[in-house]
Structures are given as C-alpha cells and as structure tokens.
file start00.tsv (TSV, C-alpha atoms)
chain	number	residue	atom	x	y	z
A	144	MET	CA	-6.83	-44.49	31.18
A	145	ARG	CA	-9.54	-41.89	31.54
A	146	ARG	CA	-12.32	-41.53	34.07
A	147	THR	CA	-12.33	-45.20	35.03
A	148	LEU	CA	-9.55	-44.67	37.56
A	149	THR	CA	-10.80	-45.66	41.02
A	150	ALA	CA	-9.37	-43.88	44.04
A	151	ALA	CA	-7.57	-46.27	46.34
A	152	VAL	CA	-9.14	-44.82	49.46
A	153	ALA	CA	-12.37	-45.40	51.31
A	154	VAL	CA	-15.56	-43.73	50.10
A	155	LEU	CA	-16.47	-40.85	52.35
A	156	ALA	CA	-19.79	-39.07	52.64
A	157	ILE	CA	-18.74	-35.44	52.43
A	158	PRO	CA	-21.36	-32.73	52.87
A	159	VAL	CA	-21.24	-29.91	50.34
A	160	LEU	CA	-20.77	-26.48	51.86
A	161	ALA	CA	-23.10	-23.64	50.99
A	162	GLY	CA	-21.18	-20.46	50.23
A	163	ALA	CA	-17.62	-19.54	51.12
A	164	VAL	CA	-15.49	-21.66	53.41
A	165	ALA	CA	-14.39	-20.74	56.91
A	166	PRO	CA	-11.37	-18.47	57.27
A	167	PRO	CA	-7.92	-20.07	57.24
A	168	HIS	CA	-7.50	-20.41	61.01
A	169	ALA	CA	-10.53	-22.72	61.13
A	170	THR	CA	-8.73	-25.49	59.23
A	171	ALA	CA	-5.80	-27.39	60.68
A	172	GLY	CA	-2.56	-27.82	58.78
A	173	PRO	CA	0.33	-25.61	57.70
A	174	MET	CA	-0.33	-22.77	55.30
A	175	PRO	CA	1.65	-22.34	52.09
A	176	THR	CA	4.28	-19.65	52.32
A	177	PRO	CA	4.11	-16.98	49.58
A	178	GLY	CA	7.56	-16.30	48.23
A	179	ARG	CA	8.90	-19.87	48.24
A	180	GLY	CA	10.04	-20.88	44.79
A	181	VAL	CA	9.48	-18.05	42.34
A	182	ALA	CA	8.60	-14.88	44.24
A	183	VAL	CA	4.94	-13.95	44.18
A	184	GLY	CA	4.40	-10.99	41.91
A	185	THR	CA	7.16	-11.84	39.46
A	186	SER	CA	6.18	-12.64	35.90
A	187	ARG	CA	7.28	-15.27	33.43
A	188	PRO	CA	8.16	-13.66	30.07
A	189	PRO	CA	5.08	-13.94	27.83
A	190	VAL	CA	7.05	-15.47	24.95
A	191	ALA	CA	9.47	-18.39	25.10
A	192	PRO	CA	13.03	-17.92	23.79
A	193	PRO	CA	13.68	-18.84	20.15
A	194	ASN	CA	15.99	-21.79	20.88
A	195	MET	CA	13.47	-24.14	22.51
A	196	PRO	CA	14.24	-27.83	21.80
A	197	ALA	CA	12.25	-29.42	18.99
A	198	THR	CA	11.40	-32.48	21.10
A	199	VAL	CA	11.35	-33.13	24.84
A	200	TYR	CA	10.87	-36.65	26.22
A	201	GLY	CA	9.04	-37.02	29.53
A	202	GLY	CA	10.34	-40.45	30.46
A	203	ALA	CA	8.73	-43.88	30.84
A	204	TRP	CA	6.69	-44.52	33.97
A	205	PRO	CA	4.60	-47.29	35.61
A	206	SER	CA	1.62	-44.96	35.85
A	207	GLY	CA	-1.48	-43.78	34.05
A	208	HIS	CA	-1.07	-42.20	30.62
A	209	VAL	CA	0.17	-38.64	30.12
A	210	GLN	CA	-2.62	-36.12	30.76
A	211	GLY	CA	-0.97	-32.74	30.25
A	212	VAL	CA	2.19	-30.69	30.25
A	213	ALA	CA	3.35	-27.30	31.53
A	214	VAL	CA	6.55	-25.56	30.42
A	215	ASP	CA	8.45	-23.04	32.53
A	216	TRP	CA	10.78	-21.60	29.92
A	217	SER	CA	12.21	-19.10	32.44
A	218	GLY	CA	13.35	-21.84	34.79
A	219	GLY	CA	14.10	-24.35	32.04
A	220	HIS	CA	11.74	-27.07	33.25
A	221	VAL	CA	8.85	-29.14	31.91
A	222	TYR	CA	6.16	-30.61	34.15
A	223	TRP	CA	4.25	-33.72	33.11
A	224	SER	CA	1.04	-35.18	34.49
A	225	PHE	CA	0.94	-38.99	34.26
A	226	THR	CA	-2.52	-39.41	35.88
A	227	ASN	CA	-1.22	-40.35	39.34
A	228	LEU	CA	2.31	-38.97	39.05
A	229	LEU	CA	3.87	-35.53	38.47
A	230	VAL	CA	7.23	-35.54	36.69
A	231	LYS	CA	9.69	-32.61	36.51
A	232	THR	CA	12.30	-32.66	33.75
A	233	ASN	CA	14.79	-30.21	32.31
A	234	LEU	CA	14.29	-29.01	28.75
A	235	ASP	CA	16.83	-31.64	27.72
A	236	GLY	CA	14.56	-34.37	29.05
A	237	ARG	CA	16.60	-35.17	32.16
A	238	VAL	CA	14.38	-36.09	35.12
A	239	VAL	CA	14.81	-33.71	38.08
A	240	GLY	CA	12.14	-35.09	40.39
A	241	THR	CA	8.72	-36.68	40.75
A	242	VAL	CA	5.72	-36.35	43.04
A	243	THR	CA	4.11	-39.68	43.91
A	244	GLY	CA	1.40	-41.00	46.21
A	245	LEU	CA	-1.59	-39.53	44.38
A	246	THR	CA	-4.65	-41.77	44.56
A	247	GLY	CA	-6.89	-39.43	42.57
A	248	HIS	CA	-6.78	-38.36	38.92
A	249	LEU	CA	-4.26	-35.64	38.08
A	250	GLY	CA	-5.16	-34.01	34.75
A	251	ASP	CA	-4.08	-30.98	32.76
A	252	LEU	CA	-1.39	-28.59	34.09
A	253	ASP	CA	-0.33	-24.97	33.65
A	254	VAL	CA	2.26	-22.61	35.12
A	255	ASN	CA	0.87	-19.57	36.90
A	256	PRO	CA	3.03	-16.83	35.37
A	257	GLU	CA	2.55	-14.66	38.47
A	258	ASP	CA	3.85	-17.05	41.14
A	259	GLY	CA	5.78	-19.69	39.17
A	260	ARG	CA	3.83	-22.58	40.65
A	261	VAL	CA	2.18	-25.36	38.64
A	262	TYR	CA	-1.61	-25.73	38.91
A	263	GLY	CA	-3.42	-28.91	37.89
A	264	SER	CA	-6.85	-30.50	38.05
A	265	LEU	CA	-7.21	-33.24	40.67
A	266	GLU	CA	-10.26	-35.48	41.09
A	267	TYR	CA	-11.55	-37.76	43.83
A	268	LYS	CA	-14.94	-38.78	42.48
A	269	ALA	CA	-15.69	-41.46	45.04
A	270	GLN	CA	-15.21	-38.80	47.74
A	271	ARG	CA	-17.18	-36.20	45.74
A	272	ALA	CA	-14.17	-33.89	45.95
A	273	PHE	CA	-12.52	-31.87	43.17
A	274	TYR	CA	-9.45	-29.71	43.59
A	275	ILE	CA	-6.88	-27.55	41.93
A	276	ALA	CA	-3.54	-28.98	43.00
A	277	ILE	CA	-0.82	-26.34	43.44
A	278	PHE	CA	2.74	-27.63	43.23
A	279	ASP	CA	5.58	-25.63	44.77
A	280	VAL	CA	7.84	-26.79	41.98
A	281	ALA	CA	11.03	-25.22	43.37
A	282	ARG	CA	10.85	-27.87	46.10
A	283	ILE	CA	10.64	-30.79	43.68
A	284	THR	CA	14.27	-31.85	43.73
A	285	ARG	CA	14.31	-35.66	43.78
A	286	ILE	CA	12.48	-38.71	42.48
A	287	GLY	CA	9.79	-40.14	44.74
A	288	MET	CA	8.65	-37.10	46.71
A	289	ASP	CA	5.30	-37.68	48.42
A	290	ALA	CA	2.30	-35.47	47.59
A	291	GLU	CA	1.02	-35.51	51.17
A	292	THR	CA	4.13	-35.51	53.36
A	293	ASP	CA	6.92	-33.68	51.52
A	294	GLY	CA	5.40	-30.19	51.48
A	295	VAL	CA	5.32	-29.83	47.69
A	296	MET	CA	1.55	-29.77	47.08
A	297	THR	CA	-1.45	-27.87	48.42
A	298	THR	CA	-5.01	-28.01	47.13
A	299	VAL	CA	-8.04	-25.74	46.71
A	300	TYR	CA	-11.53	-27.26	46.77
A	301	LEU	CA	-13.95	-26.35	43.95
A	302	LYS	CA	-17.48	-26.33	45.41
A	303	GLU	CA	-19.09	-25.32	42.08
A	304	VAL	CA	-17.85	-28.51	40.43
A	305	VAL	CA	-19.05	-30.66	43.32
A	306	ASP	CA	-22.52	-29.07	43.14
A	307	ASP	CA	-22.89	-29.90	39.44
A	308	PHE	CA	-21.34	-33.36	39.71
A	309	THR	CA	-23.65	-34.39	42.57
A	310	ALA	CA	-26.83	-32.73	41.23
A	311	ASP	CA	-29.88	-35.00	41.63
A	312	LEU	CA	-31.63	-34.07	38.39
A	313	ASP	CA	-34.15	-36.91	38.38
A	314	GLY	CA	-35.24	-36.06	41.92
A	315	ASP	CA	-35.06	-39.61	43.27
A	316	GLY	CA	-32.87	-38.60	46.21
A	317	VAL	CA	-30.06	-40.90	45.10
A	318	PHE	CA	-26.57	-39.93	43.95
A	319	ASP	CA	-25.83	-42.34	41.12
A	320	GLY	CA	-22.05	-42.09	41.39
A	321	ASP	CA	-19.35	-42.16	38.72
A	322	THR	CA	-21.44	-43.08	35.69
A	323	GLY	CA	-22.58	-41.22	32.62
A	324	GLN	CA	-25.59	-43.50	32.12
A	325	THR	CA	-27.86	-41.50	34.37
A	326	ALA	CA	-30.08	-38.43	34.28
A	327	ASP	CA	-28.02	-36.97	37.14
A	328	HIS	CA	-24.88	-34.78	36.95
A	329	ARG	CA	-25.87	-31.25	35.85
A	330	TYR	CA	-24.64	-30.53	32.27
A	331	GLY	CA	-23.33	-34.12	32.28
A	332	ALA	CA	-20.50	-33.00	34.59
A	333	SER	CA	-18.02	-35.75	35.39
A	334	GLY	CA	-15.47	-33.50	37.11
A	335	ILE	CA	-12.64	-31.34	35.74
A	336	ASP	CA	-9.68	-31.71	33.42
A	337	GLY	CA	-8.41	-28.81	31.27
A	338	VAL	CA	-6.77	-25.86	33.08
A	339	SER	CA	-5.00	-22.76	31.79
A	340	PHE	CA	-4.12	-19.21	32.79
A	341	GLY	CA	-5.09	-16.31	30.55
A	342	PRO	CA	-7.05	-13.04	30.41
A	343	ALA	CA	-10.70	-13.12	31.43
A	344	LEU	CA	-13.00	-13.51	28.42
A	345	GLY	CA	-13.64	-10.16	26.81
A	346	GLY	CA	-10.52	-8.68	28.44
A	347	GLY	CA	-9.26	-8.26	31.98
A	348	ARG	CA	-6.71	-9.58	34.44
A	349	ASN	CA	-5.38	-13.12	34.27
A	350	VAL	CA	-7.64	-15.85	35.62
A	351	LEU	CA	-7.35	-19.59	36.00
A	352	MET	CA	-9.81	-21.21	33.59
A	353	VAL	CA	-10.98	-24.69	34.57
A	354	ALA	CA	-12.88	-26.92	32.12
A	355	TYR	CA	-15.38	-29.60	33.08
A	356	GLY	CA	-15.09	-33.18	32.10
A	357	ILE	CA	-18.43	-34.15	30.51
A	358	TYR	CA	-19.65	-37.74	30.48
A	359	PRO	CA	-20.17	-39.26	27.01
A	360	ASN	CA	-23.89	-39.95	26.71
A	361	THR	CA	-25.73	-39.89	23.38
A	362	THR	CA	-29.21	-40.06	24.93
A	363	ARG	CA	-29.13	-36.68	26.66
A	364	THR	CA	-29.58	-33.22	25.14
A	365	ASP	CA	-28.25	-31.23	28.12
A	366	ASN	CA	-24.58	-32.27	27.78
A	367	ASP	CA	-23.61	-30.58	24.49
A	368	HIS	CA	-21.74	-27.62	25.98
A	369	GLN	CA	-18.24	-27.32	27.35
A	370	VAL	CA	-18.41	-25.67	30.77
A	371	LEU	CA	-15.59	-23.32	31.79
A	372	LEU	CA	-15.09	-21.81	35.24
A	373	ALA	CA	-12.84	-18.77	35.71
A	374	TYR	CA	-11.15	-18.14	39.07
A	375	ASP	CA	-9.17	-15.18	40.37
A	376	VAL	CA	-6.43	-16.97	42.30
A	377	ARG	CA	-4.67	-13.96	43.82
A	378	ARG	CA	-5.92	-14.79	47.35
A	379	TRP	CA	-5.83	-18.56	47.06
A	380	SER	CA	-2.90	-18.72	49.47
A	381	LEU	CA	-5.57	-18.12	52.16
A	382	LEU	CA	-7.56	-21.14	50.97
A	383	ALA	CA	-4.95	-23.69	49.90
A	384	ARG	CA	-4.43	-26.64	52.23
A	385	PRO	CA	-2.26	-29.74	52.26
A	386	LEU	CA	-4.41	-32.69	51.20
A	387	SER	CA	-5.16	-35.75	53.29
A	388	GLN	CA	-6.51	-38.19	50.72
A	389	THR	CA	-8.33	-40.20	53.41
A	390	ALA	CA	-10.06	-37.07	54.75
A	391	PRO	CA	-10.39	-34.56	51.88
A	392	HIS	CA	-10.85	-30.93	52.99
A	393	GLN	CA	-13.39	-28.42	51.67
A	394	SER	CA	-11.38	-25.20	51.73
A	395	GLY	CA	-11.99	-23.20	48.57
A	396	PRO	CA	-13.92	-20.34	46.96
A	397	GLY	CA	-17.69	-20.28	47.31
A	398	GLN	CA	-18.20	-19.59	43.61
A	399	PRO	CA	-16.12	-18.90	40.50
A	400	TYR	CA	-15.35	-15.49	39.04
A	401	SER	CA	-17.44	-16.54	36.02
A	402	LYS	CA	-19.05	-19.63	34.48
A	403	VAL	CA	-19.47	-19.89	30.72
A	404	PHE	CA	-20.88	-22.38	28.22
A	405	VAL	CA	-19.51	-23.23	24.77
A	406	ARG	CA	-21.57	-25.41	22.42
A	407	THR	CA	-19.43	-28.03	20.66
A	408	GLY	CA	-21.63	-31.10	20.94
A	409	ASN	CA	-21.02	-33.81	23.53
A	410	THR	CA	-17.36	-34.86	23.66
A	411	THR	CA	-15.83	-37.83	25.46
A	412	PHE	CA	-15.04	-36.47	28.92
A	413	GLY	CA	-15.08	-32.80	28.01
A	414	VAL	CA	-12.00	-30.63	27.55
A	415	GLN	CA	-8.92	-32.76	28.13
A	416	ASN	CA	-6.44	-29.93	27.55
A	417	LEU	CA	-7.24	-26.23	27.72
A	418	GLU	CA	-4.67	-23.67	26.60
A	419	TYR	CA	-4.66	-19.89	26.15
A	420	ASP	CA	-2.62	-18.77	23.14
A	421	ARG	CA	-1.41	-15.17	23.39
A	422	HIS	CA	-0.43	-15.21	19.72
A	423	THR	CA	-4.00	-15.61	18.44
A	424	ARG	CA	-5.73	-14.51	21.68
A	425	ARG	CA	-7.74	-17.70	21.62
A	426	TRP	CA	-8.55	-20.38	24.15
A	427	LEU	CA	-7.93	-23.78	22.58
A	428	MET	CA	-9.91	-26.82	23.76
A	429	ALA	CA	-8.46	-30.23	22.85
A	430	VAL	CA	-10.91	-33.11	23.35
A	431	TYR	CA	-11.45	-36.81	22.85
A	432	ARG	CA	-13.83	-37.24	19.93
A	433	GLY	CA	-17.57	-37.29	20.67
A	434	SER	CA	-20.06	-39.77	19.25
A	435	LYS	CA	-23.36	-37.97	18.70
A	436	PRO	CA	-24.06	-38.30	14.96
A	437	GLU	CA	-25.78	-34.92	14.71
A	438	PHE	CA	-22.51	-33.11	15.55
A	439	PRO	CA	-19.22	-32.94	13.58
A	440	ASN	CA	-17.26	-34.43	16.52
A	441	TRP	CA	-13.96	-32.71	15.85
A	442	THR	CA	-11.06	-32.90	18.31
A	443	LEU	CA	-9.99	-29.25	18.65
A	444	TYR	CA	-12.09	-26.13	19.19
A	445	ALA	CA	-11.27	-22.48	19.86
A	446	ILE	CA	-12.82	-19.50	21.63
A	447	ASP	CA	-11.97	-15.90	20.72
A	448	GLY	CA	-10.71	-14.53	24.03
A	449	THR	CA	-11.56	-10.96	23.05
A	450	VAL	CA	-15.31	-11.73	22.86
A	451	ALA	CA	-17.22	-11.17	26.08
A	452	PRO	CA	-19.83	-13.74	27.14
A	453	ARG	CA	-23.51	-12.90	26.71
A	454	THR	CA	-26.53	-14.16	28.59
A	455	GLY	CA	-28.59	-16.69	26.66
A	456	VAL	CA	-30.46	-19.98	26.83
A	457	ILE	CA	-28.20	-22.99	27.32
A	458	THR	CA	-29.49	-25.12	24.46
A	459	GLY	CA	-30.77	-28.55	25.49
A	460	GLN	CA	-31.49	-27.81	29.13
A	461	PRO	CA	-34.91	-29.24	30.01
A	462	ASP	CA	-35.87	-26.22	32.12
A	463	GLY	CA	-34.76	-23.61	29.58
A	464	ALA	CA	-31.95	-22.50	31.89
A	465	THR	CA	-29.89	-19.47	30.92
A	466	GLY	CA	-26.23	-18.75	31.44
A	467	GLN	CA	-23.22	-16.93	30.04
A	468	ILE	CA	-22.72	-18.13	26.45
A	469	VAL	CA	-19.48	-17.87	24.46
A	470	PRO	CA	-19.38	-18.63	20.70
A	471	LEU	CA	-16.70	-20.67	19.01
A	472	ALA	CA	-14.11	-18.67	17.06
A	473	PRO	CA	-15.06	-18.24	13.38
A	474	ALA	CA	-12.13	-20.33	12.11
A	475	GLY	CA	-11.35	-23.87	11.05
A	476	LEU	CA	-13.73	-26.40	9.55
A	477	ALA	CA	-17.39	-25.39	9.44
A	478	ASP	CA	-20.36	-27.69	9.96
A	479	PRO	CA	-23.34	-26.23	8.05
A	480	ALA	CA	-25.95	-28.17	10.03
A	481	THR	CA	-24.90	-26.91	13.47
A	482	GLY	CA	-22.70	-23.89	12.75
A	483	ILE	CA	-19.94	-25.45	14.87
A	484	ARG	CA	-16.33	-24.64	13.95
A	485	GLY	CA	-13.22	-26.64	14.77
A	486	TRP	CA	-10.32	-28.78	13.59
A	487	GLU	CA	-9.10	-32.37	13.47
A	488	GLY	CA	-6.21	-31.32	15.62
A	489	PRO	CA	-4.00	-32.99	18.24
A	490	GLY	CA	-3.47	-31.82	21.81
A	491	SER	CA	-5.69	-34.02	23.99
A	492	PHE	CA	-2.60	-35.46	25.76
A	493	GLY	CA	-0.88	-32.11	26.27
A	494	LEU	CA	-0.78	-28.66	24.70
A	495	GLU	CA	1.49	-25.73	25.63
A	496	ALA	CA	1.48	-22.38	23.80
A	497	LEU	CA	4.84	-20.58	23.73
A	498	GLY	CA	3.31	-17.16	23.00
A	499	ASP	CA	4.54	-16.59	19.43
A	500	GLY	CA	2.67	-19.19	17.38
A	501	ARG	CA	4.78	-22.12	18.55
A	502	PHE	CA	3.35	-24.95	20.63
A	503	TYR	CA	4.45	-28.10	22.32
A	504	VAL	CA	2.01	-30.85	21.36
A	505	VAL	CA	2.25	-34.02	23.43
A	506	SER	CA	1.82	-37.58	22.20
A	507	SER	CA	1.18	-40.54	24.49
A	508	GLY	CA	2.72	-43.96	24.12
A	509	THR	CA	3.76	-47.13	25.88
A	510	THR	CA	7.04	-48.97	26.02
A	511	THR	CA	8.54	-51.94	27.83
A	512	VAL	CA	11.49	-51.45	30.17
A	513	ASP	CA	12.98	-54.49	31.94
A	514	GLY	CA	9.82	-56.46	31.17
A	515	GLU	CA	7.52	-53.79	32.62
A	516	ARG	CA	4.96	-51.86	30.60
A	517	ARG	CA	5.38	-48.12	31.07
A	518	GLN	CA	3.65	-44.95	29.89
A	519	THR	CA	5.57	-42.33	27.91
A	520	GLY	CA	5.02	-38.74	26.85
A	521	THR	CA	6.78	-36.76	24.12
A	522	ALA	CA	6.38	-33.03	23.50
A	523	VAL	CA	7.01	-32.00	19.88
A	524	LEU	CA	7.53	-28.39	18.86
A	525	GLN	CA	4.95	-27.30	16.27
A	526	HIS	CA	3.68	-24.02	14.96
A	527	TRP	CA	0.15	-22.80	14.42
A	528	THR	CA	-0.95	-22.42	10.80
A	529	GLY	CA	-4.72	-22.38	11.28
A	530	ALA	CA	-5.04	-24.65	8.25
A	531	THR	CA	-7.67	-27.37	8.02
A	532	PRO	CA	-8.09	-30.05	9.00
A	533	ASN	CA	-4.94	-29.96	11.22
A	534	PRO	CA	-3.90	-26.43	12.21
A	535	PHE	CA	-0.41	-27.44	13.41
A	536	ALA	CA	2.79	-28.08	11.44
A	537	THR	CA	6.06	-29.51	12.78
A	538	ALA	CA	8.79	-26.97	13.57
A	539	GLY	CA	12.39	-28.16	13.93
A	540	SER	CA	13.98	-31.58	14.04
A	541	THR	CA	16.44	-31.88	16.97
A	542	VAL	CA	15.61	-34.25	19.83
A	543	ALA	CA	16.22	-33.68	23.55
A	544	GLY	CA	16.19	-36.43	26.12
A	545	ARG	CA	16.81	-40.15	25.76
A	546	ARG	CA	14.23	-42.76	24.89
A	547	PRO	CA	14.35	-46.40	25.92
A	548	ALA	CA	15.44	-48.69	23.11
A	549	ALA	CA	12.03	-50.39	22.94
A	550	ARG	CA	9.61	-49.09	20.35
A	551	ALA	CA	6.82	-46.89	21.74
A	552	VAL	CA	3.22	-47.64	20.78
A	553	VAL	CA	0.61	-44.92	20.81
A	554	SER	CA	-1.92	-45.51	23.57
A	555	ARG	CA	-5.60	-44.68	23.39
A	556	PRO	CA	-7.83	-43.58	26.26
A	557	ARG	CA	-9.88	-46.30	27.89
call {"tool": "encode", "arguments": {"input": "start00.tsv", "output": "structure tokens"}}
result
Amino acid sequence: MRRTLTAAVAVLAIPVLAGAVAPPHATAGPMPTPGRGVAVGTSRPPVAPPNMPATVYGGAWPSGHVQGVAVDWSGGHVYWSFTNLLVKTNLDGRVVGTVTGLTGHLGDLDVNPEDGRVYGSLEYKAQRAFYIAIFDVARITRIGMDAETDGVMTTVYLKEVVDDFTADLDGDGVFDGDTGQTADHRYGASGIDGVSFGPALGGGRNVLMVAYGIYPNTTRTDNDHQVLLAYDVRRWSLLARPLSQTAPHQSGPGQPYSKVFVRTGNTTFGVQNLEYDRHTRRWLMAVYRGSKPEFPNWTLYAIDGTVAPRTGVITGQPDGATGQIVPLAPAGLADPATGIRGWEGPGSFGLEALGDGRFYVVSSGTTTVDGERRQTGTAVLQHWTGATPNPFATAGSTVAGRRPAARAVVSRPR
C-alpha cells in the first residue's frame, strides 16, 4: 500500500511555523540522551565485512508492505520498515524486536553511521505533519514495543516539506488535502519517502538526504523533478521529541542545509528508496514507474555525488522559478528525446549499499500464516555491474532466516 494509508487519528488543524522552532525547554517531554545505544561520535566501518549472508528474511507481518531496509553490519542487525511497523532482526533473520503503534506511514530507513541510530521518513498527511523518526535501536529488545510509550522513538518535524505539501498554488484559499488531482502541492509534493546518509553533493560532511514523494499526475508540468532536502543532523538531539500522534509537535529545523532538483520525469510517488553508494560515489533513486508518455519512465536513477548543484530554472514551473539543479549521472540507458539517463532496476522496496559494490535489494511479497494474510520482505545480496537495463547481478546463494511454508506472492503498490 502506498500513499492511500489513512492515519487512524483525528484530523488536526496545525499552523505552520515560520522559521526555526523554539528552543528545547519550550516543548514538554523528555529529551533523547546522547550516548545511549552506540556512542555519539563513533563510526560504523564504511564497508561491510566480506561474509555477509546472501539472503536475509524479514519475517511475515500483518502490516503494510515493506518500504525500506537499513543494515547495521557492525552490530549485526537489519531494520525493516513495514509501513506501520519497524522490525529488528539479526543477520540470520531471527526477529529481535518490533516497534508497533504507528498510525502514520513509515517509509525508507538508514543507519546514521555517526550515532548508530536508525532514521526513517514518517508521514501524517491528514495532520499536515512530516517527520524524520529516530529509533534508538539499542533499546529495541522485544516484540511489540510501543512507538509512543516505550522510549525507543523520537521525531524531528520538517517544516520545509509541510510548506510545499500545503502550498495553495491555485490561490483559492483551500487546502485540497491528500490528492494528486489538484493544482496545489508545490512541485507535486505528497510528502517524503527516501532517506539516506552520505556526503553533501559536491563534497563535504555527511548529511541526511530526504527525498520527496511526488504525486502521479500526467496533466501537470511542474512535477517532473525529484526534490531532495539535505540536513545536517549533528544538533538534532536539541530538536527531537517523543511523538504524540494525537497532538503532533512542530519541533524541527527552520530550513534544510540545501534543496536540490533532479529532472527524471514524474514518477509514482517520487523516490521510494534513496541510497548513497560509496563505491561509485553516487546517490541512487529507486522509484515506482511513472506514466507520462514523453518520458522514459525507468525505475532507477543516479546522481553523481561529486558534482555540485548549480542554480538554474526548474523546468516546468509556471513562474519560471529557479533553484539548485543537479544532473543525472551519465550512465545507464539514455533517452535521446529528453537526455534522461537511468535503468530498469529494482530497489523500490529496499536498497542498502554495503560500500564495496555489494547491495542488499529487497523484494516484497505476501504469504498466508494460520489463515491470515501477511506481508513479507526478503533482502538478497547483489553486486553492482552498471549494465543495462538492470545494473545488479545476484551474488551468493546461501539463505539466512526461515520462511513460512506457504508460497510468497510478489505484491504491487496500490
């Protein structure tokens, strides 16, 4: 399920703040404690060990479909987003714990190599609230831990996303809500999904890159770019708050470190999985296929992380707006009509780079356990070849974790 998930809480009219939020003491609730879990300032090795399992199974769950995966090869754990459920397994596929009680949409995940925590996109569209969820994964030790009450999750509010999602572009004074069939939503923004840590574009310290979801709409010309926000998260411990899902907070940065635009053509809900690959120094964007006939509508795109953004016109904007533009990497299939490059690659359900050309690529499926339909996720070790149309090839053949006996059927986003 994608973007049709309705939050099971009341709709709240939340005013959008202008500028930075109040200092930490102005918001009630306990602050996260730096140093719990992996000590702040320590670093995960940039390359995974050579003996990673060829397949890791994420279990079968009565939840939404798998949205993303994050691998902590130092600690020997894999973290899975199942839309409204976070699952922690060992590398052998054994479940260590889960975080439940989420009424919003939990999307892509990544491990912050500097603090060991897992960061993920979290949406509450009815409340006009978008967050980065930060999981203190060392505390996830049992199945059924609660996102609000067990002290395992804090959140940071992203005002920039809210501003674009709620933009009244037709000037009628009405927010049209969670629909792509409207002139509203700047850049076609439907929220956020892909997240990944990596160097700032053009070089620099590590940032958290957050990708917009973009509504599918073939009648607009202003929704053909992927929108990426970069955040420096070093001081986010001053902003992060526990989340009350019935009264969402607004504690977060006033603006991102940078905001860039990448022209791919309109895709179905933007970048599903974003991943920085140290091996090629590229940012990979895995998407659900778009439907505008004038574009190639591939499913995987790449940005050269060594190329700095440049100021230019954001093609298709009715007011000729400018912004920081980043070109696609000159690799993969080439579309002569648009100049767009890309691949027919997998990764929209989960993509994790291991730093040396190996990746875990996640597939989604369903199975029946005790008469109940459940969602599954499987991470398969592959290596990057760069070939077309699919740049990945399977690496290894051993399987970790146990599957239910029932046959899994690949699910498709709805």
call {"tool": "closest_residue", "arguments": {"input": "start00.tsv", "among": "A:Leu312, A:Leu443, A:Val469, A:Ile275", "to": "Thr298 in chain A", "atoms": "only C-alpha atoms"}}
result
A:Ile275
call {"tool": "residues_around", "arguments": {"input": "start00.tsv", "residues": "Ala480 in chain A", "least_positions_apart": "4", "cutoff": "12 Å", "atoms": "only C-alpha atoms", "output": "number ranges by chain"}}
result
A: 436-439, 484
call {"tool": "atom_distance", "arguments": {"input": "start00.tsv", "atom1": "CA of Asp313 in chain A", "atom2": "CA of Thr362 in chain A"}}
result
14.7 Å
call {"tool": "residues_around", "arguments": {"input": "start00.tsv", "residues": "Leu417 in chain A", "least_positions_apart": "3", "cutoff": "7 Å", "atoms": "only C-alpha atoms", "output": "list in words"}}
result
Gly337, Val338, Ser339, Val414, Trp426, Leu427, Met428 and Ala429 of chain A
call {"tool": "closest_atom_pairs", "arguments": {"input": "start00.tsv", "of": "range 447-480 of chain A", "to": "range 366-390 of chain A", "cutoff": "12 Å", "atoms": "all atoms listed in the file", "output": "tab-separated table"}}
result
residue	atom	partner	partner_atom	distance
A:Pro452	CA	A:Leu371	CA	11.5
A:Val456	CA	A:His368	CA	11.6
A:Ile457	CA	A:His368	CA	8.1
A:Thr458	CA	A:Asp367	CA	8.0
A:Gly459	CA	A:Asp367	CA	7.5
A:Gln460	CA	A:Asn366	CA	8.3
A:Pro461	CA	A:Asn366	CA	11.0
A:Gly466	CA	A:Val370	CA	10.5
A:Gln467	CA	A:Val370	CA	10.0
A:Ile468	CA	A:His368	CA	9.6
A:Val469	CA	A:Leu371	CA	9.9
A:Pro470	CA	A:His368	CA	10.7
A:Leu471	CA	A:Gln369	CA	10.8
call {"tool": "atom_distance", "arguments": {"input": "start00.tsv", "atom1": "CA of Gly323 in chain A", "atom2": "CA of Tyr358 in chain A"}}
result
5.0 Å
call {"tool": "atom_distance", "arguments": {"input": "start00.tsv", "atom1": "CA of Asn440 in chain A", "atom2": "CA of Ala530 in chain A"}}
result
17.7 Å
call {"tool": "closest_atom_pairs", "arguments": {"input": "start00.tsv", "of": "range 182-298 of chain A", "to": "range 491-514 of chain A", "cutoff": "12 Å", "atoms": "only C-alpha atoms", "output": "Markdown table"}}
result
| residue | atom | partner | partner_atom | distance |
| --- | --- | --- | --- | --- |
| A:Arg187 | CA | A:Gly498 | CA | 11.3 |
| A:Pro188 | CA | A:Gly498 | CA | 9.3 |
| A:Pro189 | CA | A:Gly498 | CA | 6.1 |
| A:Val190 | CA | A:Gly498 | CA | 4.5 |
| A:Ala191 | CA | A:Leu497 | CA | 5.3 |
| A:Pro192 | CA | A:Leu497 | CA | 8.6 |
| A:Pro193 | CA | A:Asp499 | CA | 9.4 |
| A:Asn194 | CA | A:Arg501 | CA | 11.5 |
| A:Met195 | CA | A:Leu497 | CA | 9.4 |
| A:Pro196 | CA | A:Tyr503 | CA | 9.8 |
| A:Ala197 | CA | A:Tyr503 | CA | 8.6 |
| A:Thr198 | CA | A:Tyr503 | CA | 8.3 |
| A:Val199 | CA | A:Tyr503 | CA | 8.9 |
| A:Tyr200 | CA | A:Val505 | CA | 9.4 |
| A:Gly201 | CA | A:Val505 | CA | 9.6 |
| A:Gly202 | CA | A:Thr510 | CA | 10.2 |
| A:Ala203 | CA | A:Thr510 | CA | 7.2 |
| A:Trp204 | CA | A:Thr509 | CA | 9.0 |
| A:Pro205 | CA | A:Val512 | CA | 9.7 |
| A:Ser206 | CA | A:Thr509 | CA | 10.4 |
| A:Gly207 | CA | A:Thr509 | CA | 10.3 |
| A:His208 | CA | A:Ser507 | CA | 6.7 |
| A:Val209 | CA | A:Ser507 | CA | 6.0 |
| A:Gln210 | CA | A:Phe492 | CA | 5.0 |
| A:Gly211 | CA | A:Gly493 | CA | 4.0 |
| A:Val212 | CA | A:Gly493 | CA | 5.2 |
| A:Ala213 | CA | A:Glu495 | CA | 6.4 |
| A:Val214 | CA | A:Glu495 | CA | 7.0 |
| A:Asp215 | CA | A:Leu497 | CA | 9.8 |
| A:Trp216 | CA | A:Leu497 | CA | 8.6 |
| A:Ser217 | CA | A:Leu497 | CA | 11.5 |
| A:Val221 | CA | A:Glu495 | CA | 10.3 |
| A:Tyr222 | CA | A:Gly493 | CA | 10.7 |
| A:Trp223 | CA | A:Gly493 | CA | 8.7 |
| A:Ser224 | CA | A:Gly493 | CA | 9.0 |
| A:Phe225 | CA | A:Phe492 | CA | 9.9 |
| A:Thr226 | CA | A:Phe492 | CA | 10.9 |
| A:Leu234 | CA | A:Tyr503 | CA | 11.8 |
| A:Gly250 | CA | A:Phe492 | CA | 9.5 |
| A:Asp251 | CA | A:Gly493 | CA | 7.3 |
| A:Leu252 | CA | A:Gly493 | CA | 8.6 |
| A:Asp253 | CA | A:Glu495 | CA | 8.3 |
| A:Val254 | CA | A:Glu495 | CA | 10.0 |
